[in-house]
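Raw model08.csv, CSV, C-alpha atoms:
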```csv
chain,number,residue,atom,x,y,z
A,289,MET,CA,-10.8,58.4,-0.9
A,290,LEU,CA,-13.6,56.1,-2.2
A,291,SER,CA,-11.6,55.3,-5.3
A,292,THR,CA,-8.7,54.0,-3.2
A,293,VAL,CA,-10.9,51.9,-0.8
A,294,THR,CA,-13.1,50.3,-3.4
A,295,PRO,CA,-10.5,47.9,-5.0
A,296,VAL,CA,-9.3,46.9,-1.6
A,297,LEU,CA,-12.9,46.1,-0.6
A,298,ILE,CA,-13.4,44.1,-3.8
A,299,PHE,CA,-10.2,42.2,-3.2
A,300,LEU,CA,-11.2,41.5,0.4
A,301,GLN,CA,-14.6,40.2,-0.7
A,302,ALA,CA,-13.0,38.0,-3.3
A,303,GLU,CA,-10.6,36.6,-0.7
A,304,VAL,CA,-13.4,36.0,1.8
A,305,SER,CA,-15.4,34.2,-0.8
A,306,ARG,CA,-12.4,32.1,-1.8
A,307,THR,CA,-11.6,31.1,1.7
A,308,SER,CA,-15.3,30.2,2.3
A,309,VAL,CA,-15.2,28.1,-0.8
A,310,ALA,CA,-12.1,26.4,0.5
A,311,TRP,CA,-13.7,25.9,3.9
A,312,GLU,CA,-16.7,24.4,2.2
A,313,ARG,CA,-14.5,22.0,0.3
A,314,ILE,CA,-12.7,21.0,3.5
A,315,GLN,CA,-16.1,20.4,5.2
A,316,HIS,CA,-17.1,18.1,2.3
A,317,PRO,CA,-14.2,15.9,1.2
A,318,ASP,CA,-15.1,14.4,-2.2
A,319,LEU,CA,-13.6,11.9,-4.6
A,320,ALA,CA,-10.6,14.2,-5.4
A,321,LYS,CA,-9.5,14.3,-1.8
A,322,PHE,CA,-9.5,10.5,-1.5
A,323,LEU,CA,-7.6,10.3,-4.8
A,324,VAL,CA,-5.0,12.8,-3.7
A,325,PHE,CA,-4.4,11.0,-0.4
A,326,GLY,CA,-4.1,7.7,-2.4
A,327,ALA,CA,-1.6,9.3,-4.7
A,328,LEU,CA,0.4,10.5,-1.7
A,329,LEU,CA,0.5,7.1,-0.1
A,330,PHE,CA,1.6,5.6,-3.5
A,331,VAL,CA,4.4,8.1,-3.8
A,332,ILE,CA,5.6,7.4,-0.3
A,333,GLY,CA,5.6,3.7,-1.1
A,334,VAL,CA,7.6,4.3,-4.3
A,335,ALA,CA,10.1,6.5,-2.3
A,336,GLY,CA,10.5,3.7,0.2
A,337,VAL,CA,11.2,1.1,-2.5
A,338,LEU,CA,13.7,3.4,-4.2
A,339,THR,CA,15.7,4.6,-1.2
A,340,ARG,CA,15.8,1.9,1.5
A,341,ARG,CA,18.4,-0.8,1.7
A,342,ASN,CA,16.6,-3.2,4.0
A,343,ILE,CA,14.6,-5.7,1.9
A,344,ILE,CA,11.9,-6.2,4.6
A,345,VAL,CA,11.2,-2.4,4.6
A,346,ILE,CA,11.0,-2.5,0.8
A,347,PHE,CA,8.4,-5.3,1.1
A,348,MET,CA,6.4,-3.1,3.5
A,349,SER,CA,6.6,-0.2,1.0
A,350,ILE,CA,5.1,-2.4,-1.6
A,351,GLU,CA,2.2,-3.1,0.8
A,352,LEU,CA,1.8,0.7,1.1
A,353,ILE,CA,1.6,1.0,-2.7
A,354,LEU,CA,-1.0,-1.8,-2.9
A,355,ASN,CA,-3.0,-0.1,-0.2
A,356,ALA,CA,-3.0,3.2,-2.1
A,357,ALA,CA,-4.5,1.3,-5.1
A,358,ASN,CA,-7.1,-0.2,-2.8
A,359,LEU,CA,-8.1,3.2,-1.5
A,360,ASN,CA,-8.5,4.5,-5.1
A,361,PHE,CA,-10.6,1.5,-6.0
A,362,ILE,CA,-13.0,1.9,-3.0
A,363,ALA,CA,-13.3,5.7,-3.6
A,364,PHE,CA,-14.3,5.1,-7.2
A,365,ALA,CA,-16.7,2.3,-6.2
A,366,ARG,CA,-18.5,4.8,-3.8
A,367,TYR,CA,-18.5,7.5,-6.4
A,368,LEU,CA,-20.0,5.2,-9.1
A,369,GLN,CA,-22.5,3.9,-6.6
A,370,GLU,CA,-23.7,7.5,-5.8
A,371,THR,CA,-24.0,8.3,-9.5
A,372,GLY,CA,-26.2,5.3,-9.9
A,373,ASN,CA,-23.9,3.0,-11.7
A,374,ALA,CA,-25.2,-0.5,-11.7
A,375,ASN,CA,-21.7,-2.0,-11.7
A,376,ALA,CA,-20.4,-0.2,-8.7
A,377,VAL,CA,-19.4,-3.2,-6.6
A,378,ALA,CA,-16.7,-4.1,-9.2
A,379,GLY,CA,-14.2,-1.8,-7.3
A,380,GLN,CA,-14.7,-3.7,-4.1
A,381,ILE,CA,-14.2,-7.1,-5.9
A,382,PHE,CA,-10.9,-5.9,-7.3
A,383,THR,CA,-9.9,-4.9,-3.9
A,384,VAL,CA,-10.6,-8.3,-2.5
A,385,PHE,CA,-8.4,-9.9,-5.2
A,386,ILE,CA,-5.6,-7.3,-4.6
A,387,ILE,CA,-5.6,-8.2,-0.9
A,388,VAL,CA,-5.4,-12.0,-1.8
A,389,VAL,CA,-2.5,-11.4,-4.2
A,390,ALA,CA,-0.7,-9.2,-1.6
A,391,ALA,CA,-1.0,-11.9,1.0
A,392,ALA,CA,0.4,-14.5,-1.4
A,393,GLU,CA,3.2,-12.2,-2.5
A,394,ALA,CA,4.2,-11.4,1.1
A,395,ALA,CA,4.4,-15.1,2.0
A,396,ILE,CA,6.5,-16.0,-1.0
A,397,GLY,CA,8.7,-12.9,-0.6
A,398,LEU,CA,9.4,-13.5,3.0
A,399,GLY,CA,10.3,-17.1,2.2
A,400,ILE,CA,12.8,-15.8,-0.3
A,401,VAL,CA,14.1,-13.4,2.4
A,402,ILE,CA,14.6,-16.2,4.8
A,403,ALA,CA,16.4,-18.4,2.2
A,404,LEU,CA,18.6,-15.4,1.2
A,405,TYR,CA,19.5,-14.7,4.8
A,406,ARG,CA,20.5,-18.3,5.3
A,407,ASN,CA,22.9,-18.1,2.4
A,408,LYS,CA,24.2,-14.6,2.5
A,409,GLU,CA,23.8,-13.6,6.2
A,410,THR,CA,22.5,-10.2,5.1
A,411,ILE,CA,19.2,-8.5,4.2
A,412,LEU,CA,20.8,-5.3,2.9
A,413,LEU,CA,20.1,-5.2,-0.8
A,414,ASP,CA,23.3,-3.5,-2.0
A,415,GLN,CA,25.3,-6.4,-0.4
A,416,ILE,CA,23.4,-9.0,-2.4
A,417,ASP,CA,25.3,-8.5,-5.7
A,418,ILE,CA,26.4,-12.0,-6.8
A,419,LEU,CA,24.8,-11.5,-10.2
A,420,LYS,CA,26.6,-8.2,-10.7
A,421,TRP,CA,29.5,-8.6,-13.3
B,199,MET,CA,-19.9,12.1,-3.8
B,200,SER,CA,-19.1,14.1,-0.7
B,201,LEU,CA,-18.9,13.4,2.9
B,202,SER,CA,-20.4,15.7,5.4
B,203,GLY,CA,-20.6,16.4,9.1
B,204,TRP,CA,-18.8,14.0,11.4
B,205,GLU,CA,-17.7,11.9,8.4
B,206,ALA,CA,-15.6,14.8,7.2
B,207,VAL,CA,-14.1,15.2,10.6
B,208,PHE,CA,-13.1,11.5,10.7
B,209,PHE,CA,-11.8,11.8,7.1
B,210,TRP,CA,-9.5,14.6,8.2
B,211,VAL,CA,-8.3,12.5,11.2
B,212,PHE,CA,-7.6,9.3,9.4
B,213,ALA,CA,-6.3,10.4,6.0
B,214,PRO,CA,-3.4,12.5,7.4
B,215,ALA,CA,-2.8,9.7,10.0
B,216,ALA,CA,-2.4,7.2,7.1
B,217,ILE,CA,0.0,9.5,5.3
B,218,PHE,CA,2.1,10.2,8.4
B,219,ALA,CA,2.3,6.6,9.4
B,220,GLY,CA,3.3,5.7,5.9
B,221,LEU,CA,6.1,8.3,6.0
B,222,LEU,CA,7.3,7.0,9.4
B,223,THR,CA,7.2,3.4,7.9
B,224,VAL,CA,9.7,4.5,5.3
B,225,MET,CA,11.9,6.6,7.6
B,226,ALA,CA,12.0,4.6,10.8
B,227,ARG,CA,15.5,3.2,11.7
B,228,ASN,CA,14.2,0.2,13.7
B,229,THR,CA,12.5,-2.3,11.4
B,230,VAL,CA,10.0,-3.4,14.1
B,231,HIS,CA,9.0,0.3,14.4
B,232,SER,CA,8.5,0.3,10.6
B,233,ALA,CA,6.2,-2.7,10.9
B,234,LEU,CA,4.1,-1.1,13.7
B,235,PHE,CA,3.8,2.2,11.8
B,236,LEU,CA,2.7,0.2,8.7
B,237,ILE,CA,0.0,-1.5,10.9
B,238,SER,CA,-1.3,1.9,12.0
B,239,SER,CA,-1.3,3.1,8.4
B,240,LEU,CA,-3.3,0.1,7.4
B,241,LEU,CA,-5.8,0.6,10.2
B,242,SER,CA,-6.3,4.2,9.1
B,243,VAL,CA,-6.9,3.2,5.6
B,244,ALA,CA,-9.4,0.6,6.9
B,245,ALA,CA,-11.2,3.4,8.7
B,246,LEU,CA,-11.3,5.3,5.4
B,247,PHE,CA,-12.9,2.2,3.9
B,248,VAL,CA,-15.6,2.3,6.5
B,249,LEU,CA,-16.2,6.0,5.7
B,250,LEU,CA,-16.6,5.0,2.1
B,251,GLY,CA,-19.2,2.4,2.9
B,252,ALA,CA,-17.1,-0.6,2.2
B,253,GLU,CA,-17.5,-2.4,5.6
B,254,PHE,CA,-16.6,-5.8,4.3
B,255,ILE,CA,-13.3,-4.6,2.7
B,256,ALA,CA,-12.4,-2.8,5.9
B,257,GLY,CA,-12.9,-6.0,7.9
B,258,VAL,CA,-10.9,-8.1,5.4
B,259,GLN,CA,-8.1,-5.4,5.5
B,260,ILE,CA,-7.9,-5.7,9.3
B,261,LEU,CA,-8.1,-9.5,9.4
B,262,VAL,CA,-5.8,-10.3,6.5
B,263,TYR,CA,-3.3,-7.5,6.5
B,264,VAL,CA,-3.0,-6.6,10.2
B,265,GLY,CA,-3.8,-10.0,11.6
B,266,GLY,CA,-2.0,-12.1,9.0
B,267,VAL,CA,0.5,-10.4,6.8
B,268,MET,CA,2.0,-8.0,9.3
B,269,VAL,CA,2.4,-10.8,11.9
B,270,LEU,CA,4.3,-12.7,9.2
B,271,PHE,CA,6.5,-9.7,8.7
B,272,LEU,CA,7.1,-9.4,12.4
B,273,PHE,CA,8.1,-13.1,12.6
B,274,VAL,CA,10.6,-12.6,9.7
B,275,ILE,CA,12.0,-9.5,11.3
B,276,MET,CA,12.7,-11.5,14.5
B,277,LEU,CA,14.2,-14.4,12.5
B,278,VAL,CA,16.8,-12.3,10.6
B,279,ASN,CA,19.4,-10.1,12.1
B,280,VAL,CA,18.7,-6.4,11.6
B,281,GLY,CA,21.0,-5.2,14.5
B,282,SER,CA,23.5,-3.3,12.4
B,283,GLU,CA,20.8,-0.9,11.1
B,284,GLU,CA,19.2,-0.5,14.5
B,285,ARG,CA,22.5,0.3,16.3
B,286,GLY,CA,23.2,2.9,13.6
B,287,ASP,CA,26.4,1.2,12.3
B,288,VAL,CA,25.2,1.5,8.7
B,289,SER,CA,23.0,3.9,6.8
B,290,ILE,CA,19.4,2.8,6.4
B,291,PHE,CA,19.2,4.5,3.0
B,292,ASN,CA,21.1,3.9,-0.3
B,293,GLY,CA,23.9,6.1,-1.4
B,294,THR,CA,23.3,9.9,-1.7
B,295,ARG,CA,23.1,9.8,-5.5
B,296,GLN,CA,20.6,7.0,-5.6
B,297,VAL,CA,18.5,8.7,-2.9
B,298,ALA,CA,18.6,12.0,-4.8
B,299,ALA,CA,17.6,10.4,-8.1
B,300,GLY,CA,14.8,8.5,-6.3
B,301,LEU,CA,13.4,11.5,-4.6
B,302,ILE,CA,13.5,13.6,-7.8
B,303,PHE,CA,11.6,10.8,-9.5
B,304,CYS,CA,9.1,10.6,-6.7
B,305,LEU,CA,8.6,14.4,-6.8
B,306,LEU,CA,7.8,14.3,-10.5
B,307,LEU,CA,5.5,11.3,-10.0
B,308,ALA,CA,3.6,13.2,-7.2
B,309,LEU,CA,3.2,16.3,-9.4
B,310,THR,CA,2.0,14.3,-12.3
B,311,LEU,CA,-0.4,12.3,-10.2
B,312,LEU,CA,-1.9,15.4,-8.6
B,313,PHE,CA,-2.2,17.1,-11.9
B,314,ALA,CA,-3.9,14.1,-13.4
B,315,VAL,CA,-6.2,13.7,-10.4
B,316,ASN,CA,-7.4,17.3,-10.7
B,317,GLN,CA,-8.0,17.1,-14.4
B,318,GLY,CA,-9.6,13.7,-14.3
B,319,VAL,CA,-12.0,14.5,-11.5
B,320,GLU,CA,-13.1,17.7,-13.2
B,321,GLY,CA,-13.9,15.7,-16.3
B,322,LEU,CA,-15.6,13.0,-14.4
B,323,LYS,CA,-17.8,15.5,-12.5
B,324,ALA,CA,-18.7,17.3,-15.7
B,325,ARG,CA,-19.7,13.9,-17.2
B,326,ASP,CA,-21.8,12.9,-14.1
B,327,ARG,CA,-23.3,16.3,-13.1
B,328,LEU,CA,-26.7,15.6,-14.7
B,329,LYS,CA,-26.9,12.2,-13.2
B,330,GLU,CA,-25.9,13.4,-9.7
B,331,GLU,CA,-28.5,16.2,-9.8
B,332,THR,CA,-31.3,13.8,-10.6
B,333,ILE,CA,-30.2,11.4,-7.9
B,334,GLN,CA,-30.0,14.1,-5.3
B,335,ARG,CA,-33.4,15.3,-6.2
B,336,THR,CA,-34.9,11.9,-6.1
B,337,SER,CA,-33.2,10.5,-3.0
B,338,ASN,CA,-34.7,11.6,0.3
B,339,GLN,CA,-32.5,14.3,1.9
B,340,ASN,CA,-33.9,14.0,5.5
B,341,LEU,CA,-31.7,11.1,6.6
B,342,GLU,CA,-29.5,12.0,9.6
B,343,VAL,CA,-25.8,11.4,9.0
B,344,ALA,CA,-24.3,9.3,11.7
B,345,ALA,CA,-20.7,9.7,12.9
B,346,THR,CA,-19.2,6.8,11.0
B,347,GLY,CA,-21.8,6.5,8.3
B,348,THR,CA,-23.5,3.7,10.2
B,349,ALA,CA,-26.8,5.0,9.1
B,350,ARG,CA,-25.7,3.7,5.8
B,351,ILE,CA,-24.6,0.2,7.0
B,352,SER,CA,-26.3,-1.3,4.2
B,353,LYS,CA,-26.6,-4.2,1.9
B,354,GLU,CA,-23.2,-3.4,0.7
B,355,SER,CA,-21.6,-6.7,1.9
B,356,GLU,CA,-24.5,-8.7,0.6
B,357,LYS,CA,-24.2,-7.1,-2.8
B,358,LEU,CA,-20.4,-7.6,-2.8
B,359,GLY,CA,-20.8,-11.3,-1.9
B,360,SER,CA,-23.4,-12.0,-4.6
B,361,ALA,CA,-21.4,-10.1,-7.2
B,362,LEU,CA,-18.2,-11.9,-6.2
B,363,TYR,CA,-19.8,-15.3,-6.8
B,364,ARG,CA,-21.8,-14.3,-9.8
B,365,TYR,CA,-19.3,-12.3,-11.9
B,366,GLY,CA,-16.0,-13.2,-10.3
B,367,SER,CA,-16.3,-16.9,-9.5
B,368,LEU,CA,-13.6,-18.0,-11.9
B,369,ALA,CA,-11.2,-15.4,-10.5
B,370,PHE,CA,-12.2,-16.5,-7.0
B,371,GLU,CA,-11.2,-20.1,-7.7
B,372,VAL,CA,-7.9,-19.0,-9.4
B,373,ALA,CA,-7.2,-16.9,-6.3
B,374,SER,CA,-7.6,-20.0,-4.1
B,375,VAL,CA,-5.2,-22.0,-6.2
B,376,LEU,CA,-2.8,-19.0,-6.0
B,377,LEU,CA,-2.9,-19.1,-2.2
B,378,LEU,CA,-2.3,-22.8,-2.2
B,379,VAL,CA,0.8,-22.3,-4.5
B,380,ALA,CA,2.0,-19.5,-2.2
B,381,ILE,CA,1.7,-21.8,0.9
B,382,ILE,CA,3.6,-24.7,-0.7
B,383,GLY,CA,6.1,-22.4,-2.4
B,384,SER,CA,7.0,-20.6,0.9
B,385,VAL,CA,7.4,-23.9,2.7
B,386,MET,CA,9.7,-25.1,-0.1
B,387,LEU,CA,11.7,-21.9,-0.1
B,388,ALA,CA,12.2,-21.6,3.7
B,389,ARG,CA,13.1,-25.1,4.7
B,390,THR,CA,16.6,-26.1,5.9
B,391,ILE,CA,18.7,-28.9,4.6
B,392,LYS,CA,17.7,-31.3,7.4
B,393,GLN,CA,14.0,-30.7,6.7
B,394,GLU,CA,14.6,-31.1,3.0
B,395,ALA,CA,16.3,-34.5,3.7
B,396,ALA,CA,13.5,-35.6,5.9
B,397,ALA,CA,10.9,-34.7,3.2
B,398,ASP,CA,12.7,-36.1,0.2
B,399,ASP,CA,13.8,-39.3,1.9
B,400,VAL,CA,17.4,-38.8,1.1
B,401,SER,CA,20.2,-39.3,3.6
B,402,PRO,CA,21.3,-35.9,4.9
B,403,GLU,CA,24.9,-36.6,4.1
B,404,VAL,CA,24.3,-36.6,0.3
B,405,LEU,CA,22.6,-33.2,0.6
B,406,LEU,CA,25.3,-31.9,2.8
B,407,GLU,CA,27.9,-33.0,0.3
B,408,GLU,CA,25.9,-31.2,-2.4
B,409,SER,CA,25.6,-28.1,-0.3
B,410,LYS,CA,29.3,-28.1,0.5
B,411,TYR,CA,30.0,-28.4,-3.2
B,412,GLU,CA,27.6,-25.5,-3.8
B,413,SER,CA,29.1,-23.3,-1.2
B,414,GLU,CA,32.6,-24.0,-2.6
B,415,LEU,CA,31.3,-23.1,-6.0
B,416,ALA,CA,29.8,-19.9,-4.6
B,417,ARG,CA,33.1,-19.0,-2.8
B,418,PHE,CA,35.0,-19.7,-6.0
B,419,VAL,CA,32.6,-17.4,-8.0
B,420,SER,CA,32.9,-14.6,-5.4
B,421,SER,CA,36.7,-14.8,-5.4
B,422,GLU,CA,36.6,-14.7,-9.2
B,423,THR,CA,34.4,-11.7,-9.2
B,424,GLU,CA,36.7,-10.0,-6.7
B,425,ALA,CA,39.6,-10.7,-9.0
B,426,VAL,CA,37.7,-9.3,-12.0
B,427,ARG,CA,36.8,-6.2,-9.9
B,428,GLU,CA,40.4,-5.7,-8.9
B,429,THR,CA,41.6,-6.0,-12.5
B,430,ASN,CA,38.9,-3.6,-13.5
B,431,ALA,CA,40.0,-1.2,-10.9
```

Starting from the file, give its structure as structure tokens.
Amino acid sequence: MLSTVTPVLIFLQAEVSRTSVAWERIQHPDLAKFLVFGALLFVIGVAGVLTRRNIIVIFMSIELILNAANLNFIAFARYLQETGNANAVAGQIFTVFIIVVAAAEAAIGLGIVIALYRNKETILLDQIDILKW
Amino acid sequence: MSLSGWEAVFFWVFAPAAIFAGLLTVMARNTVHSALFLISSLLSVAALFVLLGAEFIAGVQILVYVGGVMVLFLFVIMLVNVGSEERGDVSIFNGTRQVAAGLIFCLLLALTLLFAVNQGVEGLKARDRLKEETIQRTSNQNLEVAATGTARISKESEKLGSALYRYGSLAFEVASVLLLVAIIGSVMLARTIKQEAAADDVSPEVLLEESKYESELARFVSSETEAVRETNA
């Protein structure tokens, strides 16, 4: 009797300790959680760029990608700050410049979209094929 | 680095919110809805920035992205005609094969990234374990943690500003030139023939002649490509 119950008990104990560890990790999100969410945002942006036809939505997906990079930079800046790195503000400086470049890129890109729409009367990318053989 | 208490709760509110809003941005049929979902995603990421102690970046994110870039996007959406997508006349995605290839690529990318994140963070933690322990021992542990980390609203912005002007001043100036170029370039790209004539002090007829010639050329090129396609097919 005891010999059959003991492994089950050990298994249950291991399970309980594992779930408590998982719960502990959920209660204390660390660098890895931020990086995982940044990676997911990045992949969603890439999926948008690859699958959508509307050029404006593709631009928005690019903004998503840049934001994922910003999230990573800020998470690493915080991590380095907490481990006492003197140069921890560098991540935030990079983020400022990424935001500047994203704003410039959006202005230019949307100007191109307007010019394209005036000439071709469409914003669907697969109909803009004048360079294609 | 780990958040605790209410910070963790806010993390688990805002991080999934950012992901879901990003997904809906990509999947929404109406482009205006896409833009609004992107705004909510950007706001959620700004909240995560606040949780991470980067208050200045969060403010810049809301002011520049939500207040500037997304308003620009909405203006352009209203200027161009996206009606055929909204009414459901045409598919919002590429052809099935392209979508399948893209999604497979994204899946592989996601798996690779998650693997790399796990590996890398383990390595990083192993490297910094000693440092972190000493810091935790030396820093006072009795601080109460506030809901949004405001107990830590700190000299972060001050540090960022001084570092920006001390170490990144050249890049700062280059960024300002870049913004100037972007302004002038977008004005140049988006103006009409009449505006072009007014700015260049040419009579509009000349430009109209030119544009007529150009459009005839374009028509000729497209008819030629049609002919080539037909012969190919």

**Study point:** Minimum-distance residue to chain A, chosen among B:Ala373, B:Ala245, B:Ala397, B:Val269 (using only C-alpha atoms)
**Key:**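 Of B:Ala373, B:Ala245, B:Ala397, B:Val269, the one nearest chain A, counting only C-alpha atoms, is B:Ala373.
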
Practice item. Identify which of the residues B:Ala256, B:Leu322, B:Leu405, B:Ala215 lies closest to Gln380 (chain A), counting all atoms listed in the file when measuring atom-to-atom distances. Key: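 Nearest candidate to Gln380 (chain A) out of B:Ala256, B:Leu322, B:Leu405, B:Ala215: B:Ala256.
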
Check your understanding: What lies within 12 Å of Leu222 (chain B) using only C-alpha atoms, ignoring chain neighbours under 5 positions off, as a list in words?
Key -> Leu329, Ile332, Gly333, Gly336, Val345, Met348, Ser349 and Leu352 of chain A; Ala215, Ala216, Ile217, Arg227, Asn228, Thr229, Val230, His231, Ser232, Ala233, Leu234, Phe235, Leu236, Ile237, Ser238 and Ser239 of chain B

Review point. Which residues come within 12 Å of region 408-419 of chain A, counting all atoms listed in the file, excluding same-chain residues fewer than 5 positions away, as number ranges by chain?
Key: A: 337-347, 398, 400-403; B: 229, 274-275, 277-283, 288-293, 296, 413, 416-424

**Study point:** Given all atoms listed in the file as the counted atoms, nearest of B:Val372, B:Leu240, B:Leu377, B:Leu387 to Leu261 (chain B)
**Key:**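 Of B:Val372, B:Leu240, B:Leu377, B:Leu387, the one nearest Leu261 (chain B), counting all atoms listed in the file, is B:Leu240.
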
**Study point:** Best match for closeness to Glu403 (chain B) among B:Ile391, B:Ile381, B:Leu201, B:Arg364, counting only C-alpha atoms
**Key:**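 Under the stated criterion, the closest residue is B:Ile391.
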
Revision key, fill the gap. Pairwise distance, CA of Ala374 (chain A) with CA of Leu249 (chain B), equals 20.6 Å

Practice item. Find the residues near Val331 (chain A): any atom within 9 Å, counting only C-alpha atoms, skip ones fewer than 5 places away on the same chain, and give them as a list of chain:residue names. Key: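 Here the answer would be A:Gly326, A:Gly336, A:Ile353, B:Cys304, B:Leu305, B:Leu307, B:Ala308.
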
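Distance-wise, CA of Ile314 (chain A) and CA of Gly379 (chain A) end up 25.3 Å apart.
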
**Study point:** Spatial neighbours of Ala327 (chain A), 9 Å, all atoms listed in the file, chain gap at least 4 places, as a VMD selection string
**Key:** (chain A and resid 322 to 323 331 to 332 356 to 357 360) or (chain B and resid 308 311 to 312 315)

Point to revise | Among the residues A:Phe382, A:Phe361, A:Trp311, A:Tyr367, the one that comes closest to chain B [using only C-alpha atoms] | key: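 Using only C-alpha atoms, the shortest distance to chain B belongs to A:Tyr367.
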
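Reported to one decimal place, the separation of CA of Val211 (chain B) from CA of Thr371 (chain A) is 26.3 Å.
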
With N, CA and C atoms as the goal, would you fill in the gaps in region 223-236 of chain B and present it as a PDB file, in the frame of the given file?
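Result went into rebuild-v8.pdb, see below:
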```
ATOM      1  N   THR B 223       6.855   4.783   8.353  1.00  0.00           N
ATOM      2  CA  THR B 223       7.200   3.400   7.900  1.00  0.00           C
ATOM      3  C   THR B 223       8.499   3.459   7.117  1.00  0.00           C
ATOM      4  N   VAL B 224       8.548   4.417   6.181  1.00  0.00           N
ATOM      5  CA  VAL B 224       9.700   4.500   5.300  1.00  0.00           C
ATOM      6  C   VAL B 224      10.930   5.000   6.021  1.00  0.00           C
ATOM      7  N   MET B 225      10.724   5.893   7.002  1.00  0.00           N
ATOM      8  CA  MET B 225      11.900   6.600   7.600  1.00  0.00           C
ATOM      9  C   MET B 225      12.360   5.994   8.917  1.00  0.00           C
ATOM     10  N   ALA B 226      11.630   5.044   9.509  1.00  0.00           N
ATOM     11  CA  ALA B 226      12.000   4.600  10.800  1.00  0.00           C
ATOM     12  C   ALA B 226      13.326   3.732  10.707  1.00  0.00           C
ATOM     13  N   ARG B 227      14.209   3.898  11.694  1.00  0.00           N
ATOM     14  CA  ARG B 227      15.500   3.200  11.700  1.00  0.00           C
ATOM     15  C   ARG B 227      15.269   1.720  12.122  1.00  0.00           C
ATOM     16  N   ASN B 228      14.432   1.539  13.141  1.00  0.00           N
ATOM     17  CA  ASN B 228      14.200   0.200  13.700  1.00  0.00           C
ATOM     18  C   ASN B 228      13.111  -0.483  12.804  1.00  0.00           C
ATOM     19  N   THR B 229      13.416  -1.681  12.319  1.00  0.00           N
ATOM     20  CA  THR B 229      12.500  -2.300  11.400  1.00  0.00           C
ATOM     21  C   THR B 229      11.160  -2.702  12.083  1.00  0.00           C
ATOM     22  N   VAL B 230      11.240  -3.045  13.382  1.00  0.00           N
ATOM     23  CA  VAL B 230      10.000  -3.400  14.100  1.00  0.00           C
ATOM     24  C   VAL B 230       9.112  -2.122  14.190  1.00  0.00           C
ATOM     25  N   HIS B 231       9.740  -0.953  14.415  1.00  0.00           N
ATOM     26  CA  HIS B 231       9.000   0.300  14.400  1.00  0.00           C
ATOM     27  C   HIS B 231       8.292   0.501  13.059  1.00  0.00           C
ATOM     28  N   SER B 232       9.056   0.223  11.991  1.00  0.00           N
ATOM     29  CA  SER B 232       8.500   0.300  10.600  1.00  0.00           C
ATOM     30  C   SER B 232       7.230  -0.497  10.530  1.00  0.00           C
ATOM     31  N   ALA B 233       7.313  -1.759  10.996  1.00  0.00           N
ATOM     32  CA  ALA B 233       6.200  -2.700  10.900  1.00  0.00           C
ATOM     33  C   ALA B 233       4.985  -2.110  11.676  1.00  0.00           C
ATOM     34  N   LEU B 234       5.262  -1.578  12.874  1.00  0.00           N
ATOM     35  CA  LEU B 234       4.100  -1.100  13.700  1.00  0.00           C
ATOM     36  C   LEU B 234       3.523   0.168  13.045  1.00  0.00           C
ATOM     37  N   PHE B 235       4.352   1.045  12.466  1.00  0.00           N
ATOM     38  CA  PHE B 235       3.800   2.200  11.800  1.00  0.00           C
ATOM     39  C   PHE B 235       2.979   1.774  10.563  1.00  0.00           C
ATOM     40  N   LEU B 236       3.445   0.726   9.878  1.00  0.00           N
ATOM     41  CA  LEU B 236       2.700   0.200   8.700  1.00  0.00           C
ATOM     42  C   LEU B 236       1.323  -0.293   9.186  1.00  0.00           C
TER      43      LEU B 236
END
```
